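**Student:** So I've got this file, query.json, and it contains JSON, C-alpha atoms:
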[["chain", "number", "residue", "atom", "x", "y", "z"],
["A", 1363, "MET", "CA", 0.00, 0.00, 0.00],
["A", 1364, "GLN", "CA", 1.31, 3.43, -0.90],
["A", 1365, "ILE", "CA", 1.21, 6.36, 1.52],
["A", 1366, "ASN", "CA", -0.26, 9.20, -0.49],
["A", 1367, "PHE", "CA", -0.55, 12.84, 0.58],
["A", 1368, "VAL", "CA", -3.98, 12.44, 2.21],
["A", 1369, "ARG", "CA", -2.91, 9.41, 4.26],
["A", 1370, "ALA", "CA", 0.34, 11.13, 5.28],
["A", 1371, "THR", "CA", -1.66, 14.15, 6.40],
["A", 1372, "LYS", "CA", -3.95, 11.90, 8.46],
["A", 1373, "ILE", "CA", -0.94, 10.25, 10.12],
["A", 1374, "TRP", "CA", 0.74, 13.59, 10.82],
["A", 1375, "PHE", "CA", -2.45, 15.15, 12.22],
["A", 1376, "SER", "CA", -3.11, 12.09, 14.37],
["A", 1377, "PHE", "CA", 0.39, 12.19, 15.84],
["A", 1378, "THR", "CA", 0.27, 15.98, 16.33],
["A", 1379, "TRP", "CA", -3.00, 16.16, 18.23],
["A", 1380, "ARG", "CA", -2.08, 13.17, 20.37],
["A", 1381, "SER", "CA", 1.29, 14.69, 21.32],
["A", 1382, "MET", "CA", -0.38, 18.05, 22.02],
["A", 1383, "LEU", "CA", -2.98, 16.40, 24.24],
["A", 1384, "LEU", "CA", -0.31, 14.57, 26.24],
["A", 1385, "GLY", "CA", 1.85, 17.71, 26.30],
["A", 1386, "PHE", "CA", -0.94, 19.84, 27.77],
["A", 1387, "ALA", "CA", -1.54, 17.28, 30.50],
["A", 1388, "PHE", "CA", 2.16, 17.29, 31.32],
["A", 1389, "ALA", "CA", 2.33, 21.10, 31.23],
["A", 1390, "LEU", "CA", -0.37, 21.31, 33.90],
["A", 1391, "VAL", "CA", 2.01, 19.48, 36.22],
["A", 1392, "LEU", "CA", 5.39, 20.84, 35.19],
["A", 1393, "PHE", "CA", 4.60, 24.52, 34.64],
["A", 1394, "PRO", "CA", 3.72, 25.20, 38.30],
["A", 1395, "LEU", "CA", 6.83, 23.26, 39.32],
["A", 1396, "ASN", "CA", 9.00, 25.47, 37.11],
["A", 1397, "ILE", "CA", 7.48, 28.63, 38.57],
["A", 1398, "PHE", "CA", 7.88, 27.30, 42.11],
["A", 1399, "VAL", "CA", 11.56, 26.48, 41.66],
["A", 1400, "VAL", "CA", 12.45, 29.76, 39.98],
["A", 1401, "LEU", "CA", 10.51, 31.96, 42.45],
["A", 1402, "PHE", "CA", 11.77, 30.23, 45.57],
["A", 1403, "SER", "CA", 15.34, 30.27, 44.25],
["A", 1404, "PHE", "CA", 15.40, 34.04, 44.63],
["A", 1405, "PHE", "CA", 14.77, 33.83, 48.36],
["A", 1406, "ALA", "CA", 16.72, 32.32, 51.22],
["A", 1407, "SER", "CA", 13.60, 30.81, 52.82],
["A", 1408, "PRO", "CA", 9.88, 30.39, 52.08],
["A", 1409, "GLY", "CA", 9.17, 32.82, 54.94],
["A", 1410, "GLU", "CA", 11.02, 35.54, 53.06],
["A", 1411, "PHE", "CA", 8.79, 34.91, 50.04],
["A", 1412, "LEU", "CA", 5.62, 35.05, 52.16],
["A", 1413, "ASN", "CA", 6.80, 38.30, 53.73],
["A", 1414, "LEU", "CA", 7.25, 39.71, 50.24],
["A", 1415, "VAL", "CA", 3.74, 38.70, 49.21],
["A", 1416, "THR", "CA", 2.00, 39.95, 52.38],
["A", 1417, "ASN", "CA", 3.89, 43.25, 52.60],
["A", 1418, "PRO", "CA", 2.34, 45.82, 50.20],
["A", 1419, "PHE", "CA", 5.69, 47.50, 49.60],
["A", 1420, "GLY", "CA", 7.64, 44.25, 49.52],
["A", 1421, "MET", "CA", 7.33, 43.74, 45.77],
["A", 1422, "MET", "CA", 8.42, 47.31, 45.05],
["A", 1423, "MET", "CA", 11.45, 46.88, 47.30],
["A", 1424, "PHE", "CA", 12.28, 43.55, 45.65],
["A", 1425, "ILE", "CA", 12.09, 45.03, 42.15],
["A", 1426, "SER", "CA", 14.22, 47.99, 43.16],
["A", 1427, "SER", "CA", 16.83, 45.59, 44.59],
["A", 1428, "LEU", "CA", 17.10, 43.90, 41.20],
["A", 1429, "THR", "CA", 18.24, 47.06, 39.46],
["A", 1430, "GLY", "CA", 21.87, 48.01, 39.24],
["A", 1431, "ALA", "CA", 24.81, 45.94, 40.40],
["A", 1432, "SER", "CA", 22.79, 43.67, 42.71],
["A", 1433, "ALA", "CA", 20.92, 42.11, 39.77],
["A", 1434, "ALA", "CA", 23.89, 39.88, 38.96],
["A", 1435, "SER", "CA", 24.11, 38.63, 42.54],
["A", 1436, "VAL", "CA", 20.50, 37.39, 42.48],
["A", 1437, "LEU", "CA", 21.14, 34.85, 39.74],
["A", 1438, "THR", "CA", 23.56, 32.61, 41.53],
["A", 1439, "ALA", "CA", 25.09, 29.36, 40.41],
["A", 1440, "ALA", "CA", 22.48, 27.45, 42.42],
["A", 1441, "LEU", "CA", 19.66, 29.07, 40.46],
["A", 1442, "LEU", "CA", 21.35, 28.30, 37.16],
["A", 1443, "ILE", "CA", 21.84, 24.67, 38.18],
["A", 1444, "LYS", "CA", 18.16, 24.38, 39.14],
["A", 1445, "ILE", "CA", 17.11, 25.89, 35.81],
["A", 1446, "LEU", "CA", 19.43, 23.51, 33.94],
["A", 1447, "LEU", "CA", 17.97, 20.51, 35.79],
["A", 1448, "LEU", "CA", 14.43, 21.67, 35.01],
["A", 1449, "TRP", "CA", 15.42, 22.07, 31.37],
["A", 1450, "LEU", "CA", 16.73, 18.49, 31.30],
["A", 1451, "VAL", "CA", 13.51, 17.23, 32.91],
["A", 1452, "ASN", "CA", 11.52, 19.11, 30.26],
["A", 1453, "ILE", "CA", 13.59, 17.66, 27.40],
["A", 1454, "PHE", "CA", 13.25, 14.08, 28.66],
["A", 1455, "ALA", "CA", 9.53, 14.63, 29.23],
["A", 1456, "VAL", "CA", 9.06, 15.85, 25.65],
["A", 1457, "ILE", "CA", 10.89, 12.78, 24.34],
["A", 1458, "ALA", "CA", 8.69, 10.49, 26.46],
["A", 1459, "ILE", "CA", 5.51, 12.31, 25.41],
["A", 1460, "GLN", "CA", 6.38, 12.05, 21.72],
["A", 1461, "ALA", "CA", 7.22, 8.35, 22.08],
["A", 1462, "LEU", "CA", 3.86, 7.74, 23.77],
["A", 1463, "ALA", "CA", 2.07, 9.77, 21.10],
["A", 1464, "MET", "CA", 3.76, 7.80, 18.30],
["A", 1465, "ARG", "CA", 2.85, 4.51, 20.01],
["A", 1466, "TRP", "CA", -0.74, 5.72, 20.34],
["A", 1467, "THR", "CA", -0.75, 6.81, 16.68],
["A", 1468, "LEU", "CA", 0.52, 3.42, 15.51],
["A", 1469, "LYS", "CA", -2.37, 1.74, 17.33],
["A", 1470, "ALA", "CA", -4.93, 4.00, 15.63],
["A", 1471, "ARG", "CA", -7.10, 2.78, 12.76],
["A", 1472, "TRP", "CA", -8.45, 4.89, 9.96],
["A", 1473, "SER", "CA", -11.33, 4.08, 7.66],
["A", 1474, "ASP", "CA", -9.16, 3.15, 4.66],
["A", 1475, "PHE", "CA", -5.84, 1.96, 6.16],
["A", 1476, "LYS", "CA", -3.92, 0.94, 9.28],
["A", 1477, "LEU", "CA", -0.30, 1.54, 10.24],
["A", 1478, "VAL", "CA", 1.77, -1.44, 11.26],
["A", 1479, "ALA", "CA", 5.34, -1.35, 12.54],
["A", 1480, "VAL", "CA", 7.24, -4.28, 11.08],
["A", 1481, "PRO", "CA", 10.79, -5.39, 11.84],
["A", 1482, "ALA", "CA", 13.42, -4.73, 9.21],
["A", 1483, "ILE", "CA", 14.14, -7.55, 6.80],
["A", 1484, "GLU", "CA", 17.66, -8.83, 7.29],
["A", 1485, "VAL", "CA", 19.56, -9.05, 4.00],
["A", 1486, "VAL", "CA", 22.06, -11.90, 3.88],
["A", 1487, "PRO", "CA", 24.69, -11.65, 1.12],
["A", 1488, "GLU", "CA", 25.08, -14.71, -1.08],
["A", 1489, "ASN", "CA", 28.91, -14.70, -1.09],
["A", 1490, "PRO", "CA", 30.09, -13.18, 2.19],
["A", 1491, "LEU", "CA", 33.72, -12.15, 2.28],
["A", 1492, "ILE", "CA", 35.27, -13.51, 5.44]]
Now that the file is in, can you turn its structure into structure tokens?
**Tutor:**
Amino acid sequence: MQINFVRATKIWFSFTWRSMLLGFAFALVLFPLNIFVVLFSFFASPGEFLNLVTNPFGMMMFISSLTGASAASVLTAALLIKILLLWLVNIFAVIAIQALAMRWTLKARWSDFKLVAVPAIEVVPENPLI
């Protein structure tokens, strides 16, 4: 069976919406985690963060402390390491999501065809040179 343009479009669309659906479900979990890690990395303790939120002038004082020479001291090596680890988690999650979406797509059936993953045929030469 030949894969024509219409069938290829069906396969692509099936894979795309499945990976987007799984990606949105994952984003609901990981996005708050990313925000939590980045926000709490700026502060020495959670109490300092709560003081900032409850104090009406706390946010203004925090923003003013980020200007000038002290802005470089806020982004420490610990924050960069946490961001790098989150980035790695995100990359591995995207790979896992796309693998699950492809597996789900291969199990799908359309009205006029079905995808089947078959193992590669091993070609054995007639006169092997040893």
**Student:** Could you jot down the atom CA of A:Ala1458 to atom CA of A:Phe1388 separation for me, Å, one decimal place?
**Tutor:**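 Between atom CA of A:Ala1458 and atom CA of A:Phe1388 the gap is 10.6 Å.
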**Student:** Set the distance at 9 Å and use only C-alpha atoms: which residues neighbour A:Arg1380 once local chain neighbours fewer than 4 positions away are removed? I'd like the list as a list in words.
**Tutor:**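 Once the adjacent positions are removed, what remains is Phe1375, Ser1376, Leu1384, Gly1385, Gln1460, Leu1462, Ala1463, Met1464, Trp1466 and Thr1467 of chain A.
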**Student:** For stretch 1472-1480 of chain A, please output as a ChimeraX atom specification all residues within 9 Å (counting all atoms listed in the file; exclusion window: fewer than 2 positions along the same chain).
**Tutor:** /A:1363,1369,1372-1373,1467-1470,1482-1483
**Student:** One decimal, in Å: what's the spacing between atom CA of A:Asn1396 and atom CA of A:Ile1453?
**Tutor:**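 Spanning atom CA of A:Asn1396 to atom CA of A:Ile1453 is a straight-line distance of 13.3 Å.
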**Student:** Take atom CA of A:Ile1445 and atom CA of A:Leu1390 and report the distance between them in Å, one decimal.
**Tutor:**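 A separation of 18.2 Å between them.
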**Student:** Using only C-alpha atoms, which of the listed residues (A:Ile1443, A:Leu1450, A:Ile1459, A:Ala1370) sits closest to A:Ala1387?
**Tutor:**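 Among the listed residues, the smallest separation from A:Ala1387 belongs to A:Ile1459.
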**Student:** Smallest atom-to-atom distance to A:Ser1381: which of A:Arg1471, A:Leu1446, A:Glu1484, A:Ala1461, using all atoms listed in the file?
**Tutor:**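 Distance minimum relative to A:Ser1381 lands on A:Ala1461.
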